[in-house]
2 protein chains.
Amino acid sequence: MARWQPHASDRLVVAALELFEERGYENTTVIGIAERAGLTKSTFFRHFPDKREVLFGGDTMAGLLAAGIADAPADAAPLEAVAHALDAVGRAAFTAERREFSARRRAVIAANPELREREALKGLGLTAAMAEALERRGVPDPVSRVAAQLGALVLTIAYERWSEPGGGGAGGRAPPAGPRGMGAGHPPTVR
Amino acid sequence: MARWQPHASDRLVVAALELFEERGYENTTVIGIAERAGLTKSTFFRHFPDKREVLFGGDTMAGLLAAGIADAPADAAPLEAVAHALDAVGRAAFTAERREFSARRRAVIAANPELREREALKGLGLTAAMAEALERRGVPDPVSRVAAQLGALVLTIAYERWSEPGGGGAGGRAPPAGPRGMGAGHPPTVR
DNA sequence: AGAGTGATGAGACTTGGTCTCATCACCGTA
DNA sequence: TACGGTGATGAGACCAAGTCTCATCACTCT
């Protein structure tokens, strides 16, 4: 028999999400989370640097976006490279198994300023990752930041729609065709 | 003689900024800040809801942006309304007196993740304020968000340049003309 | 068998943040 | 002149987040 129950980290995430839903984030203590997972406060902080981070663990987004931009065809325009990356993220991260969990997580985050703060910082990280990946392709500074900023907004909107009750089949493409306008040439796979 | 030294809030801000510069944010305690200001921890938390907020006090930005968008000519396009708001902010907030303080504040924030996190949340607030103000003008949802997102980026870049050693005279207009491109029609006063 | 490893537990400690109660100069009014 | 109200402050108890050190103990490798 194994000495410890497996998946300690996952158990902590599940316990935390449940407790945040039941009592709210600020009425939940780290000790409470650890106890529900059959662990202790010490172990919690061995798995996560702080209480917020238990909801932000799977941090592969920045890498996926950077890789997606690097993998875009050499002649792709900045926004087309961003679209390429968004497609990759859609396939890798917006999967059916994660949809219900993501929706619950989203609701919890939306209800708490401390968690929204962390999410805001993560968002800046994604934007910076895209801008840097574009600059590695030779896109000059202000253009790279504009493209990254627009990519971040598209990602945010896609995530919103995907984790809403009605929205989002496989692949993360938003059901209704998005509006054109604003003069940004529309890349083929992201609308 | 006055019973208390005046400007308690300002003294706390100054003390905090000095200590953050001397020892770093995480090596500075709230008690230390309060003592340098000739006050106590209790009083600190009466003036600021938490330790971070001592650097984010003058929170008129969101209101200025919303008012600037509301005040734009009725026939202004979304990006032109945003530009109108940015001009207003440039005149009201990017003043010569605040420049040195802003530069020091910026350096402190850049050096600490906890402070960057707070700043990221404030940035989201500004973007949301712009988007809402645009929607109050009848700009439909995704267009309003794109315009607000671009406005937020312009504001960020302007703030960066203004609080850098070389940059920014009165009014906050960036010295070199910004690049065109990306298809966004360039409004007359923001480049 | 015995030493090493690695995830865990126990608990002291600092600090951020909340809350309650006390203090005391100033102000208005009688 | 006296007196009660006001408002910013101080004192200190209290809780939870987060850090750190030391102990435990099944499993593994030699």
# chains A, B, ... in the order shown; residues from 1 in each chain; ligands from 1
$ residues_around --residues "region 139-155 of chain B" --least-positions-apart "3" --cutoff "6 Å" --atoms "only C-alpha atoms (C1' of nucleotides)" --output "list in words"
Leu79, Thr127, Met130, Ala131, Leu134, Glu135 and Ala158 of chain B
$ write_last_selection --atoms "N, CA and C atoms" --output "PDB file, in the first residue's frame"
ATOM      1  N   LEU B  79     -12.484  55.246 -31.248  1.00  0.00           N
ATOM      2  CA  LEU B  79     -11.087  55.534 -30.944  1.00  0.00           C
ATOM      3  C   LEU B  79     -10.841  57.026 -30.766  1.00  0.00           C
ATOM      4  N   THR B 127      -9.471  49.916 -17.996  1.00  0.00           N
ATOM      5  CA  THR B 127      -9.991  49.400 -19.267  1.00  0.00           C
ATOM      6  C   THR B 127     -11.496  49.227 -19.191  1.00  0.00           C
ATOM      7  N   MET B 130     -13.265  52.563 -19.395  1.00  0.00           N
ATOM      8  CA  MET B 130     -13.345  53.092 -20.755  1.00  0.00           C
ATOM      9  C   MET B 130     -14.405  52.349 -21.566  1.00  0.00           C
ATOM     10  N   ALA B 131     -14.422  51.031 -21.463  1.00  0.00           N
ATOM     11  CA  ALA B 131     -15.392  50.255 -22.228  1.00  0.00           C
ATOM     12  C   ALA B 131     -16.818  50.623 -21.833  1.00  0.00           C
ATOM     13  N   LEU B 134     -17.767  53.953 -23.238  1.00  0.00           N
ATOM     14  CA  LEU B 134     -18.062  53.857 -24.666  1.00  0.00           C
ATOM     15  C   LEU B 134     -19.441  53.257 -24.886  1.00  0.00           C
ATOM     16  N   GLU B 135     -19.781  52.259 -24.096  1.00  0.00           N
ATOM     17  CA  GLU B 135     -21.094  51.633 -24.276  1.00  0.00           C
ATOM     18  C   GLU B 135     -22.211  52.619 -23.940  1.00  0.00           C
ATOM     19  N   ALA B 158       2.368  55.725 -22.733  1.00  0.00           N
ATOM     20  CA  ALA B 158       2.580  57.141 -22.422  1.00  0.00           C
ATOM     21  C   ALA B 158       3.137  57.297 -21.009  1.00  0.00           C
TER      22      ALA B 158
END
$ select_by_dssp --residues "region 44-186 of chain B" --states "alpha helix (DSSP H)" --output "PyMOL selection string"
chain B and resi 44-47+61-71+78-93+96-110+113-136+141-162
$ write_last_selection --atoms "C-alpha atoms" --output "PDB file, in the first residue's frame"
ATOM      1  CA  PHE B  44      -2.113  53.512   8.702  1.00  0.00           C
ATOM      2  CA  PHE B  45      -5.002  51.109   8.159  1.00  0.00           C
ATOM      3  CA  ARG B  46      -7.475  53.913   8.743  1.00  0.00           C
ATOM      4  CA  HIS B  47      -6.003  55.729   5.754  1.00  0.00           C
ATOM      5  CA  MET B  61      -7.948  57.979 -13.380  1.00  0.00           C
ATOM      6  CA  ALA B  62     -11.044  55.880 -14.018  1.00  0.00           C
ATOM      7  CA  GLY B  63     -13.322  58.852 -13.465  1.00  0.00           C
ATOM      8  CA  LEU B  64     -11.192  61.085 -15.669  1.00  0.00           C
ATOM      9  CA  LEU B  65     -11.227  58.556 -18.489  1.00  0.00           C
ATOM     10  CA  ALA B  66     -14.969  57.997 -18.266  1.00  0.00           C
ATOM     11  CA  ALA B  67     -15.628  61.723 -18.192  1.00  0.00           C
ATOM     12  CA  GLY B  68     -13.257  62.303 -21.092  1.00  0.00           C
ATOM     13  CA  ILE B  69     -15.085  59.749 -23.202  1.00  0.00           C
ATOM     14  CA  ALA B  70     -18.469  61.139 -22.245  1.00  0.00           C
ATOM     15  CA  ASP B  71     -17.310  64.646 -23.142  1.00  0.00           C
ATOM     16  CA  PRO B  78     -14.842  55.109 -30.651  1.00  0.00           C
ATOM     17  CA  LEU B  79     -11.087  55.534 -30.944  1.00  0.00           C
ATOM     18  CA  GLU B  80     -11.505  59.285 -31.253  1.00  0.00           C
ATOM     19  CA  ALA B  81     -13.506  59.346 -28.027  1.00  0.00           C
ATOM     20  CA  VAL B  82     -10.767  57.343 -26.347  1.00  0.00           C
ATOM     21  CA  ALA B  83      -8.176  59.787 -27.654  1.00  0.00           C
ATOM     22  CA  HIS B  84     -10.216  62.648 -26.251  1.00  0.00           C
ATOM     23  CA  ALA B  85     -10.159  60.970 -22.825  1.00  0.00           C
ATOM     24  CA  LEU B  86      -6.420  60.321 -23.025  1.00  0.00           C
ATOM     25  CA  ASP B  87      -5.836  63.981 -23.799  1.00  0.00           C
ATOM     26  CA  ALA B  88      -7.848  64.959 -20.744  1.00  0.00           C
ATOM     27  CA  VAL B  89      -5.865  62.573 -18.567  1.00  0.00           C
ATOM     28  CA  GLY B  90      -2.638  63.896 -20.024  1.00  0.00           C
ATOM     29  CA  ARG B  91      -3.522  67.392 -18.961  1.00  0.00           C
ATOM     30  CA  ALA B  92      -4.901  66.502 -15.533  1.00  0.00           C
ATOM     31  CA  ALA B  93      -2.627  63.713 -14.306  1.00  0.00           C
ATOM     32  CA  ALA B  96       5.219  68.360 -13.817  1.00  0.00           C
ATOM     33  CA  GLU B  97       4.905  68.171 -10.011  1.00  0.00           C
ATOM     34  CA  ARG B  98       3.984  64.501 -10.106  1.00  0.00           C
ATOM     35  CA  ARG B  99       6.666  63.448 -12.519  1.00  0.00           C
ATOM     36  CA  GLU B 100       9.482  62.741 -10.076  1.00  0.00           C
ATOM     37  CA  PHE B 101       7.191  61.043  -7.605  1.00  0.00           C
ATOM     38  CA  SER B 102       5.672  58.930 -10.353  1.00  0.00           C
ATOM     39  CA  ALA B 103       9.056  57.795 -11.581  1.00  0.00           C
ATOM     40  CA  ARG B 104      10.121  56.673  -8.109  1.00  0.00           C
ATOM     41  CA  ARG B 105       6.771  54.986  -7.533  1.00  0.00           C
ATOM     42  CA  ARG B 106       7.069  53.199 -10.869  1.00  0.00           C
ATOM     43  CA  ALA B 107      10.501  51.823 -10.029  1.00  0.00           C
ATOM     44  CA  VAL B 108       9.300  50.501  -6.688  1.00  0.00           C
ATOM     45  CA  ILE B 109       6.275  48.838  -8.250  1.00  0.00           C
ATOM     46  CA  ALA B 110       8.354  47.280 -11.007  1.00  0.00           C
ATOM     47  CA  PRO B 113       5.378  41.242  -7.816  1.00  0.00           C
ATOM     48  CA  GLU B 114       2.810  42.041  -5.145  1.00  0.00           C
ATOM     49  CA  LEU B 115       2.728  45.657  -6.250  1.00  0.00           C
ATOM     50  CA  ARG B 116       2.693  44.728  -9.925  1.00  0.00           C
ATOM     51  CA  GLU B 117      -0.306  42.583  -9.166  1.00  0.00           C
ATOM     52  CA  ARG B 118      -2.176  45.514  -7.686  1.00  0.00           C
ATOM     53  CA  GLU B 119      -1.217  47.660 -10.640  1.00  0.00           C
ATOM     54  CA  ALA B 120      -2.481  45.037 -13.042  1.00  0.00           C
ATOM     55  CA  LEU B 121      -5.857  45.071 -11.329  1.00  0.00           C
ATOM     56  CA  LYS B 122      -5.996  48.854 -11.479  1.00  0.00           C
ATOM     57  CA  GLY B 123      -5.249  48.625 -15.186  1.00  0.00           C
ATOM     58  CA  LEU B 124      -8.179  46.284 -15.709  1.00  0.00           C
ATOM     59  CA  GLY B 125     -10.337  48.776 -13.869  1.00  0.00           C
ATOM     60  CA  LEU B 126      -9.296  51.553 -16.229  1.00  0.00           C
ATOM     61  CA  THR B 127      -9.991  49.400 -19.267  1.00  0.00           C
ATOM     62  CA  ALA B 128     -13.412  48.477 -17.929  1.00  0.00           C
ATOM     63  CA  ALA B 129     -14.182  52.124 -17.168  1.00  0.00           C
ATOM     64  CA  MET B 130     -13.345  53.092 -20.755  1.00  0.00           C
ATOM     65  CA  ALA B 131     -15.392  50.255 -22.228  1.00  0.00           C
ATOM     66  CA  GLU B 132     -18.395  51.144 -20.100  1.00  0.00           C
ATOM     67  CA  ALA B 133     -18.141  54.808 -20.991  1.00  0.00           C
ATOM     68  CA  LEU B 134     -18.062  53.857 -24.666  1.00  0.00           C
ATOM     69  CA  GLU B 135     -21.094  51.633 -24.276  1.00  0.00           C
ATOM     70  CA  ARG B 136     -22.930  54.541 -22.678  1.00  0.00           C
ATOM     71  CA  ASP B 141     -19.864  45.418 -26.942  1.00  0.00           C
ATOM     72  CA  PRO B 142     -16.912  43.934 -28.771  1.00  0.00           C
ATOM     73  CA  VAL B 143     -15.998  47.210 -30.447  1.00  0.00           C
ATOM     74  CA  SER B 144     -16.036  49.015 -27.107  1.00  0.00           C
ATOM     75  CA  ARG B 145     -13.698  46.477 -25.588  1.00  0.00           C
ATOM     76  CA  VAL B 146     -11.236  46.615 -28.454  1.00  0.00           C
ATOM     77  CA  ALA B 147     -11.120  50.406 -28.325  1.00  0.00           C
ATOM     78  CA  ALA B 148     -10.729  50.373 -24.534  1.00  0.00           C
ATOM     79  CA  GLN B 149      -7.967  47.773 -24.755  1.00  0.00           C
ATOM     80  CA  LEU B 150      -6.059  49.888 -27.260  1.00  0.00           C
ATOM     81  CA  GLY B 151      -6.612  52.955 -25.125  1.00  0.00           C
ATOM     82  CA  ALA B 152      -5.189  51.152 -22.119  1.00  0.00           C
ATOM     83  CA  LEU B 153      -2.071  50.233 -24.080  1.00  0.00           C
ATOM     84  CA  VAL B 154      -1.572  53.822 -25.216  1.00  0.00           C
ATOM     85  CA  LEU B 155      -1.978  55.010 -21.647  1.00  0.00           C
ATOM     86  CA  THR B 156       0.567  52.469 -20.428  1.00  0.00           C
ATOM     87  CA  ILE B 157       3.122  53.450 -23.053  1.00  0.00           C
ATOM     88  CA  ALA B 158       2.580  57.141 -22.422  1.00  0.00           C
ATOM     89  CA  TYR B 159       3.063  56.628 -18.708  1.00  0.00           C
ATOM     90  CA  GLU B 160       6.238  54.630 -19.302  1.00  0.00           C
ATOM     91  CA  ARG B 161       7.741  57.335 -21.482  1.00  0.00           C
ATOM     92  CA  TRP B 162       6.634  60.184 -19.271  1.00  0.00           C
TER      93      TRP B 162
END
$ interface_residues --of "chain C" --to "chain A" --cutoff "12 Å" --atoms "only C-alpha atoms (C1' of nucleotides)" --output "MDAnalysis selection string"
chainID C and resid 6:11
$ write_last_selection --atoms "C-alpha atoms (C1' of nucleotides)" --output "PDB file, in the first residue's frame"
ATOM      1  C1'  DG C   6      11.292  12.275  -0.230  1.00  0.00           C
ATOM      2  C1'  DA C   7       6.832  13.621   0.991  1.00  0.00           C
ATOM      3  C1'  DT C   8       4.689  14.693   5.005  1.00  0.00           C
ATOM      4  C1'  DG C   9       3.558  16.549  10.024  1.00  0.00           C
ATOM      5  C1'  DA C  10       4.314  19.625  14.063  1.00  0.00           C
ATOM      6  C1'  DG C  11       4.855  23.834  15.751  1.00  0.00           C
TER       7       DG C  11
END
$ closest_atom_pairs --of "chain D" --to "chain A" --cutoff "12 Å" --atoms "only C-alpha atoms (C1' of nucleotides)" --output "JSON lines"
{"residue": "D:DC15", "atom": "C1'", "partner": "A:Thr29", "partner_atom": "CA", "distance": 10.5}
{"residue": "D:DA16", "atom": "C1'", "partner": "A:Thr29", "partner_atom": "CA", "distance": 7.2}
{"residue": "D:DA17", "atom": "C1'", "partner": "A:Lys51", "partner_atom": "CA", "distance": 8.0}
{"residue": "D:DG18", "atom": "C1'", "partner": "A:Asp50", "partner_atom": "CA", "distance": 7.4}
{"residue": "D:DT19", "atom": "C1'", "partner": "A:Phe45", "partner_atom": "CA", "distance": 9.6}
{"residue": "D:DC20", "atom": "C1'", "partner": "A:Ser42", "partner_atom": "CA", "distance": 10.5}
{"residue": "D:DT21", "atom": "C1'", "partner": "A:Ser42", "partner_atom": "CA", "distance": 12.0}
{"residue": "D:DC25", "atom": "C1'", "partner": "A:Arg3", "partner_atom": "CA", "distance": 9.1}
{"residue": "D:DA26", "atom": "C1'", "partner": "A:Arg3", "partner_atom": "CA", "distance": 5.7}
{"residue": "D:DC27", "atom": "C1'", "partner": "A:Arg3", "partner_atom": "CA", "distance": 8.1}
$ write_last_selection --atoms "N, CA, C and O atoms (P, O5', C5', C4', C3', O3' and C1' of nucleotides)" --output "CSV table (one decimal), in the first residue's frame"
chain,number,residue,atom,x,y,z
D,15,DC,P,-8.5,34.5,18.3
D,15,DC,O5',-8.4,34.5,16.7
D,15,DC,C5',-9.4,35.1,15.9
D,15,DC,C4',-9.0,35.2,14.5
D,15,DC,C3',-8.4,33.9,13.9
D,15,DC,O3',-9.0,33.7,12.6
D,15,DC,C1',-6.9,35.7,13.6
D,16,DA,P,-8.8,32.2,12.0
D,16,DA,O5',-8.0,32.5,10.6
D,16,DA,C5',-8.4,33.6,9.8
D,16,DA,C4',-7.3,34.0,8.9
D,16,DA,C3',-6.6,32.7,8.2
D,16,DA,O3',-6.4,33.0,6.9
D,16,DA,C1',-5.0,34.1,9.3
D,17,DA,P,-5.7,31.9,5.9
D,17,DA,O5',-4.4,32.7,5.4
D,17,DA,C5',-4.5,33.9,4.8
D,17,DA,C4',-3.1,34.5,4.5
D,17,DA,C3',-2.2,33.6,3.6
D,17,DA,O3',-1.5,34.4,2.7
D,17,DA,C1',-1.2,34.0,5.7
D,18,DG,P,-0.8,33.8,1.5
D,18,DG,O5',0.7,33.4,2.0
D,18,DG,C5',1.6,34.5,2.4
D,18,DG,C4',2.7,34.0,3.2
D,18,DG,C3',3.5,32.8,2.6
D,18,DG,O3',4.8,33.3,2.3
D,18,DG,C1',3.2,32.7,5.0
D,19,DT,P,6.0,32.3,1.8
D,19,DT,O5',6.9,32.1,3.2
D,19,DT,C5',7.3,33.3,3.9
D,19,DT,C4',8.3,32.9,5.0
D,19,DT,C3',9.3,31.8,4.5
D,19,DT,O3',10.6,32.3,5.0
D,19,DT,C1',8.2,31.1,6.5
D,20,DC,P,11.9,31.5,4.5
D,20,DC,O5',12.3,30.6,5.7
D,20,DC,C5',12.1,31.2,7.1
D,20,DC,C4',12.3,30.1,8.1
D,20,DC,C3',13.3,29.0,7.7
D,20,DC,O3',14.3,28.8,8.7
D,20,DC,C1',11.3,28.1,8.6
D,21,DT,P,15.6,27.8,8.2
D,21,DT,O5',15.6,26.8,9.5
D,21,DT,C5',15.1,27.3,10.7
D,21,DT,C4',14.7,26.1,11.6
D,21,DT,C3',15.5,24.8,11.4
D,21,DT,O3',15.9,24.3,12.6
D,21,DT,C1',13.2,24.3,11.2
D,25,DC,P,7.0,7.7,13.3
D,25,DC,O5',6.8,6.9,11.9
D,25,DC,C5',6.1,7.6,10.8
D,25,DC,C4',6.6,7.0,9.5
D,25,DC,C3',7.3,5.6,9.6
D,25,DC,O3',6.8,4.9,8.5
D,25,DC,C1',8.6,7.1,8.5
D,26,DA,P,6.0,3.5,8.8
D,26,DA,O5',5.9,2.8,7.3
D,26,DA,C5',4.8,3.2,6.5
D,26,DA,C4',5.3,3.6,5.1
D,26,DA,C3',5.8,2.4,4.3
D,26,DA,O3',5.3,2.4,3.0
D,26,DA,C1',7.5,4.1,4.4
D,27,DC,P,5.4,1.1,2.1
D,27,DC,O5',6.5,1.5,1.1
D,27,DC,C5',6.4,2.6,0.3
D,27,DC,C4',7.8,3.0,-0.3
D,27,DC,C3',8.5,1.8,-1.0
D,27,DC,O3',8.7,2.2,-2.4
D,27,DC,C1',10.0,3.0,0.4
